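Asker: Take a look at protein-v4.pdb, PDB, C-alpha atoms, pLDDT in the B column:
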```pdb
ATOM      1  CA  MET A   1     -18.432   3.466   3.276  1.00 89.00           C
ATOM      2  CA  ASN A   2     -19.344  -0.193   3.793  1.00 93.00           C
ATOM      3  CA  VAL A   3     -22.940   0.818   4.513  1.00 96.00           C
ATOM      4  CA  VAL A   4     -23.182   2.660   1.173  1.00 97.00           C
ATOM      5  CA  ILE A   5     -21.606  -0.267  -0.684  1.00 97.00           C
ATOM      6  CA  ARG A   6     -23.988  -2.738   0.940  1.00 98.00           C
ATOM      7  CA  LEU A   7     -26.990  -0.504   0.264  1.00 97.00           C
ATOM      8  CA  ALA A   8     -26.063  -0.242  -3.414  1.00 98.00           C
ATOM      9  CA  LEU A   9     -25.497  -4.011  -3.623  1.00 98.00           C
ATOM     10  CA  ALA A  10     -28.846  -4.619  -1.893  1.00 98.00           C
ATOM     11  CA  ILE A  11     -30.680  -2.422  -4.419  1.00 97.00           C
ATOM     12  CA  LEU A  12     -29.018  -4.176  -7.351  1.00 98.00           C
ATOM     13  CA  PHE A  13     -29.617  -7.611  -5.802  1.00 98.00           C
ATOM     14  CA  LEU A  14     -33.327  -6.926  -5.260  1.00 98.00           C
ATOM     15  CA  ASP A  15     -33.678  -5.476  -8.756  1.00 96.00           C
ATOM     16  CA  GLU A  16     -32.104  -8.539 -10.361  1.00 97.00           C
ATOM     17  CA  LEU A  17     -33.966 -10.964  -8.104  1.00 98.00           C
ATOM     18  CA  VAL A  18     -37.381  -9.486  -8.931  1.00 97.00           C
ATOM     19  CA  VAL A  19     -36.724  -9.093 -12.664  1.00 96.00           C
ATOM     20  CA  GLY A  20     -34.996 -12.477 -12.940  1.00 97.00           C
ATOM     21  CA  ALA A  21     -37.593 -14.438 -10.995  1.00 97.00           C
ATOM     22  CA  SER A  22     -40.447 -12.760 -12.881  1.00 97.00           C
ATOM     23  CA  ASN A  23     -38.900 -13.573 -16.250  1.00 96.00           C
ATOM     24  CA  ALA A  24     -37.941 -17.114 -15.291  1.00 97.00           C
ATOM     25  CA  LEU A  25     -41.196 -18.063 -13.553  1.00 97.00           C
ATOM     26  CA  VAL A  26     -43.969 -16.000 -15.180  1.00 97.00           C
ATOM     27  CA  PRO A  27     -42.527 -14.601 -18.422  1.00 96.00           C
ATOM     28  CA  ALA A  28     -45.818 -13.808 -20.142  1.00 95.00           C
ATOM     29  CA  SER A  29     -47.051 -11.883 -17.104  1.00 95.00           C
ATOM     30  CA  PHE A  30     -43.752  -9.997 -16.906  1.00 94.00           C
ATOM     31  CA  TYR A  31     -44.076  -9.068 -20.585  1.00 93.00           C
ATOM     32  CA  ARG A  32     -47.659  -7.851 -20.184  1.00 92.00           C
ATOM     33  CA  HIS A  33     -47.314  -6.012 -16.874  1.00 91.00           C
ATOM     34  CA  PHE A  34     -43.752  -4.746 -16.376  1.00 88.00           C
ATOM     35  CA  PRO A  35     -43.606  -1.098 -17.528  1.00 84.00           C
ATOM     36  CA  THR A  36     -42.510  -0.595 -21.152  1.00 84.00           C
ATOM     37  CA  VAL A  37     -41.410  -4.208 -21.799  1.00 87.00           C
ATOM     38  CA  ASP A  38     -44.266  -4.660 -24.255  1.00 82.00           C
ATOM     39  CA  LEU A  39     -42.887  -1.775 -26.345  1.00 82.00           C
ATOM     40  CA  THR A  40     -40.408  -4.193 -27.951  1.00 82.00           C
ATOM     41  CA  PRO A  41     -42.472  -7.055 -29.380  1.00 84.00           C
ATOM     42  CA  PRO A  42     -42.706  -9.889 -30.073  1.00 90.00           C
ATOM     43  CA  PHE A  43     -42.868 -11.862 -26.836  1.00 92.00           C
ATOM     44  CA  SER A  44     -40.612 -14.921 -26.696  1.00 94.00           C
ATOM     45  CA  GLU A  45     -41.061 -17.274 -23.757  1.00 95.00           C
ATOM     46  CA  HIS A  46     -37.723 -18.951 -24.502  1.00 96.00           C
ATOM     47  CA  TYR A  47     -35.849 -15.649 -24.549  1.00 94.00           C
ATOM     48  CA  ALA A  48     -37.646 -14.385 -21.426  1.00 95.00           C
ATOM     49  CA  ARG A  49     -36.926 -17.537 -19.415  1.00 96.00           C
ATOM     50  CA  ASP A  50     -33.259 -17.586 -20.525  1.00 97.00           C
ATOM     51  CA  PHE A  51     -32.924 -13.904 -19.635  1.00 95.00           C
ATOM     52  CA  GLY A  52     -34.565 -14.599 -16.282  1.00 96.00           C
ATOM     53  CA  GLY A  53     -32.100 -17.375 -15.529  1.00 97.00           C
ATOM     54  CA  ALA A  54     -29.100 -15.235 -16.472  1.00 97.00           C
ATOM     55  CA  THR A  55     -30.476 -12.377 -14.384  1.00 97.00           C
ATOM     56  CA  LEU A  56     -30.882 -14.710 -11.406  1.00 98.00           C
ATOM     57  CA  GLY A  57     -27.231 -15.697 -11.882  1.00 97.00           C
ATOM     58  CA  ILE A  58     -26.221 -12.053 -11.584  1.00 98.00           C
ATOM     59  CA  ALA A  59     -28.514 -11.739  -8.545  1.00 98.00           C
ATOM     60  CA  LEU A  60     -26.651 -14.658  -6.947  1.00 98.00           C
ATOM     61  CA  LEU A  61     -23.306 -12.892  -7.448  1.00 97.00           C
ATOM     62  CA  LEU A  62     -24.727  -9.672  -6.025  1.00 98.00           C
ATOM     63  CA  GLY A  63     -26.175 -11.560  -3.049  1.00 98.00           C
ATOM     64  CA  ILE A  64     -22.802 -13.112  -2.262  1.00 98.00           C
ATOM     65  CA  ALA A  65     -21.174  -9.681  -2.528  1.00 98.00           C
ATOM     66  CA  LEU A  66     -23.854  -8.227  -0.252  1.00 97.00           C
ATOM     67  CA  VAL A  67     -22.989 -10.775   2.436  1.00 97.00           C
ATOM     68  CA  ARG A  68     -19.227 -10.462   1.854  1.00 97.00           C
ATOM     69  CA  PRO A  69     -18.527  -7.017   0.325  1.00 97.00           C
ATOM     70  CA  THR A  70     -14.813  -7.645  -0.116  1.00 97.00           C
ATOM     71  CA  ALA A  71     -13.194  -6.611  -3.385  1.00 97.00           C
ATOM     72  CA  HIS A  72     -12.949 -10.287  -4.415  1.00 97.00           C
ATOM     73  CA  PHE A  73     -16.743 -10.576  -4.433  1.00 98.00           C
ATOM     74  CA  ALA A  74     -18.113  -7.040  -4.857  1.00 98.00           C
ATOM     75  CA  ILE A  75     -16.071  -5.980  -7.884  1.00 98.00           C
ATOM     76  CA  PRO A  76     -16.820  -9.039 -10.070  1.00 98.00           C
ATOM     77  CA  ALA A  77     -20.493  -8.928  -9.062  1.00 98.00           C
ATOM     78  CA  ALA A  78     -20.813  -5.212  -9.829  1.00 98.00           C
ATOM     79  CA  LEU A  79     -18.904  -5.602 -13.102  1.00 98.00           C
ATOM     80  CA  ALA A  80     -21.114  -8.532 -14.158  1.00 97.00           C
ATOM     81  CA  TYR A  81     -24.145  -6.379 -13.436  1.00 98.00           C
ATOM     82  CA  SER A  82     -22.647  -3.393 -15.276  1.00 97.00           C
ATOM     83  CA  VAL A  83     -21.843  -5.463 -18.379  1.00 97.00           C
ATOM     84  CA  PHE A  84     -25.605  -5.916 -18.632  1.00 96.00           C
ATOM     85  CA  ALA A  85     -26.880  -2.612 -17.220  1.00 97.00           C
ATOM     86  CA  VAL A  86     -24.869  -0.086 -19.233  1.00 97.00           C
ATOM     87  CA  PRO A  87     -25.795  -1.452 -22.701  1.00 97.00           C
ATOM     88  CA  HIS A  88     -29.362  -1.980 -21.446  1.00 95.00           C
ATOM     89  CA  PHE A  89     -29.537   1.701 -20.487  1.00 96.00           C
ATOM     90  CA  VAL A  90     -28.121   2.788 -23.863  1.00 96.00           C
ATOM     91  CA  TYR A  91     -30.557   0.536 -25.749  1.00 94.00           C
ATOM     92  CA  HIS A  92     -33.560   1.973 -23.974  1.00 92.00           C
ATOM     93  CA  LEU A  93     -32.259   5.511 -24.355  1.00 93.00           C
ATOM     94  CA  MET A  94     -32.101   4.992 -28.122  1.00 94.00           C
ATOM     95  CA  HIS A  95     -35.487   3.190 -28.357  1.00 91.00           C
ATOM     96  CA  LEU A  96     -38.091   5.290 -26.609  1.00 92.00           C
ATOM     97  CA  GLU A  97     -40.579   5.375 -29.479  1.00 90.00           C
ATOM     98  CA  GLY A  98     -44.045   4.291 -28.405  1.00 90.00           C
ATOM     99  CA  ALA A  99     -43.412   5.255 -24.774  1.00 92.00           C
ATOM    100  CA  SER A 100     -45.374   8.037 -23.166  1.00 92.00           C
ATOM    101  CA  THR A 101     -43.375  10.953 -21.781  1.00 95.00           C
ATOM    102  CA  ALA A 102     -43.814   9.599 -18.252  1.00 94.00           C
ATOM    103  CA  GLU A 103     -42.704   6.106 -19.343  1.00 92.00           C
ATOM    104  CA  ALA A 104     -39.692   7.509 -21.195  1.00 94.00           C
ATOM    105  CA  VAL A 105     -38.596   9.613 -18.222  1.00 96.00           C
ATOM    106  CA  GLY A 106     -39.203   6.805 -15.733  1.00 94.00           C
ATOM    107  CA  LEU A 107     -37.441   4.193 -17.855  1.00 94.00           C
ATOM    108  CA  THR A 108     -34.456   6.439 -18.534  1.00 96.00           C
ATOM    109  CA  MET A 109     -34.093   7.471 -14.895  1.00 97.00           C
ATOM    110  CA  ALA A 110     -34.488   3.951 -13.489  1.00 95.00           C
ATOM    111  CA  ASN A 111     -32.020   2.430 -15.953  1.00 96.00           C
ATOM    112  CA  ALA A 112     -29.514   5.264 -15.440  1.00 97.00           C
ATOM    113  CA  ILE A 113     -29.654   4.935 -11.664  1.00 96.00           C
ATOM    114  CA  VAL A 114     -29.002   1.208 -11.573  1.00 96.00           C
ATOM    115  CA  ALA A 115     -26.323   1.407 -14.283  1.00 97.00           C
ATOM    116  CA  LEU A 116     -24.539   4.094 -12.271  1.00 97.00           C
ATOM    117  CA  LEU A 117     -24.953   2.067  -9.066  1.00 97.00           C
ATOM    118  CA  GLY A 118     -23.116  -0.880 -10.605  1.00 97.00           C
ATOM    119  CA  ILE A 119     -20.212   1.315 -11.669  1.00 97.00           C
ATOM    120  CA  GLY A 120     -20.394   3.178  -8.364  1.00 98.00           C
ATOM    121  CA  VAL A 121     -19.956  -0.033  -6.361  1.00 98.00           C
ATOM    122  CA  VAL A 122     -16.729  -0.797  -8.222  1.00 98.00           C
ATOM    123  CA  LEU A 123     -15.386   2.699  -7.604  1.00 98.00           C
ATOM    124  CA  LEU A 124     -16.413   2.745  -3.938  1.00 98.00           C
ATOM    125  CA  VAL A 125     -14.788  -0.623  -3.241  1.00 98.00           C
ATOM    126  CA  VAL A 126     -11.542   0.495  -4.897  1.00 97.00           C
ATOM    127  CA  VAL A 127     -11.528   3.779  -2.943  1.00 97.00           C
ATOM    128  CA  ARG A 128     -12.366   1.996   0.325  1.00 97.00           C
ATOM    129  CA  ASP A 129      -9.634  -0.592  -0.112  1.00 96.00           C
ATOM    130  CA  ARG A 130      -6.998   1.974  -1.111  1.00 95.00           C
ATOM    131  CA  ARG A 131      -7.935   4.108   1.888  1.00 94.00           C
ATOM    132  CA  ASP A 132      -7.751   1.085   4.207  1.00 91.00           C
ATOM    133  CA  GLN A 133      -4.346   0.084   2.819  1.00 91.00           C
ATOM    134  CA  SER A 134      -2.917   3.542   3.420  1.00 89.00           C
ATOM    135  CA  HIS A 135      -3.876   3.497   7.127  1.00 78.00           C
TER     136      HIS A 135
END
```
Can you present the structure in this file as structure tokens?
Answerer:
Amino acid sequence: MNVVIRLALAILFLDELVVGASNALVPASFYRHFPTVDLTPPFSEHYARDFGGATLGIALLLGIALVRPTAHFAIPAALAYSVFAVPHFVYHLMHLEGASTAEAVGLTMANAIVALLGIGVVLLVVVRDRRDQSH
């Protein structure tokens, strides 16, 4: 089960690292080139850089949890991610206008997968730790 937990944490870490670094370091390029971001204008460099910094903070928590996937690290990291990812998924689900069918499907699937991964990490850690305590 630890392998699955670490794999999920690695996916979330890489997702947040790429998105966060792109927003923090090259926000205008992220806005122009990341799929569907330009569907919600206007561009704000201040907002993008702040979002990038916050996203890198979540990436840091996920990275720590990846190295030490104990409940003390993995659950807060996954919950911090989920506090962002679940509303983000719902927002995009409700605002697909302007997206092509392929963009809408891709955006919905990608956001659903990572939102479920965050919640899944919490559940897997709880199940793992309860199982380990009973043995």
Asker: Looking at all atoms listed in the file, which of A:Val121, A:Val90, A:Leu9, A:Val26 is the one that sits closest to Leu60 in chain A?
Answerer: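 Of all the options, A:Leu9 lies closest to Leu60 in chain A.
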Asker: With distances taken over all atoms listed in the file, which of A:Thr40, A:Ser82, A:Thr108, A:Thr70 is nearest to Ile5 in chain A?
Answerer: A:Thr70
Asker: For the atom pair CA of Pro41 in chain A and CA of Ile58 in chain A, what is the interatomic distance in Å to one decimal place?
Answerer: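 Pair CA of Pro41 in chain A / CA of Ile58 in chain A returns 24.6 Å.
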Asker: Between A:Val83, A:Leu117, A:Leu123, A:Val19, which one has atoms that come closest to Leu7 in chain A, using all atoms listed in the file?
Answerer: A:Leu117
Asker: Give the answer as one residue: which of A:Ala8, A:Leu79, A:Leu17, A:Met1 has the shortest atom-to-atom distance to Asp129 in chain A, using only C-alpha atoms?
Answerer: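 Of all the options, A:Met1 lies closest to Asp129 in chain A.
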Asker: Applying the PyMOL selection byres ((chain A and resi 50) around 12) to the file I just gave you, which residues come out? Please list them as a VMD selection string.
Answerer: chain A and resid 20 to 25 27 44 to 49 51 to 57
Asker: Using only C-alpha atoms, which of the listed residues (A:His95, A:Leu12, A:Arg128, A:Phe89) sits closest to Met109 in chain A?
Answerer: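 Smallest separation from Met109 in chain A among the options: A:Phe89.
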Asker: Around (-11.4, -0.7, -1.6), as given in the file, which residues come within 10 Å? Count all atoms listed in the file and list them as a list in words.
Answerer: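 Final list of nearby residues, as requested, is Met1, Asn2, Pro69, Thr70, Ala71, Ala74, Ile75, Val121, Val122, Leu123, Leu124, Val125, Val126, Val127, Arg128, Asp129, Arg130, Arg131, Asp132 and Gln133 of chain A.
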Asker: Using the chain letters and numbering of this document, enumerate as a list of chain:residue names the residues selected by the PyMOL selection byres ((chain A and resi 93) around 10).
Answerer: A:Pro87, A:His88, A:Phe89, A:Val90, A:Tyr91, A:His92, A:Met94, A:His95, A:Leu96, A:Glu97, A:Ala104, A:Val105, A:Leu107, A:Thr108, A:Met109, A:Asn111, A:Ala112
Asker: Looking at A:Val86, A:Asp15, A:His135, A:Phe43, which one is nearest to Tyr31 in chain A, with distances taken over all atoms listed in the file?
Answerer: A:Phe43
Asker: Would you compute the distance between CA of Ala80 in chain A and CA of Ala28 in chain A? Give it in Å to one decimal.
Answerer: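 The value is 26.0 Å.
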Asker: Can you work out the spacing between CA of Phe13 in chain A and CA of Gly63 in chain A in Å, to one decimal?
Answerer: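 Distance between the two atoms: 5.9 Å.
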Asker: Please enclose the listed atoms of range 69-88 of chain A in an axis-aligned box, pad each side by 6 Å, and write out the centre and the three edge lengths in Å, rounded to one decimal, as JSON.
Answerer:
```
{"center_x": -21.2, "center_y": -5.3, "center_z": -11.2, "size_x": 28.4, "size_y": 22.5, "size_z": 35.0}
```
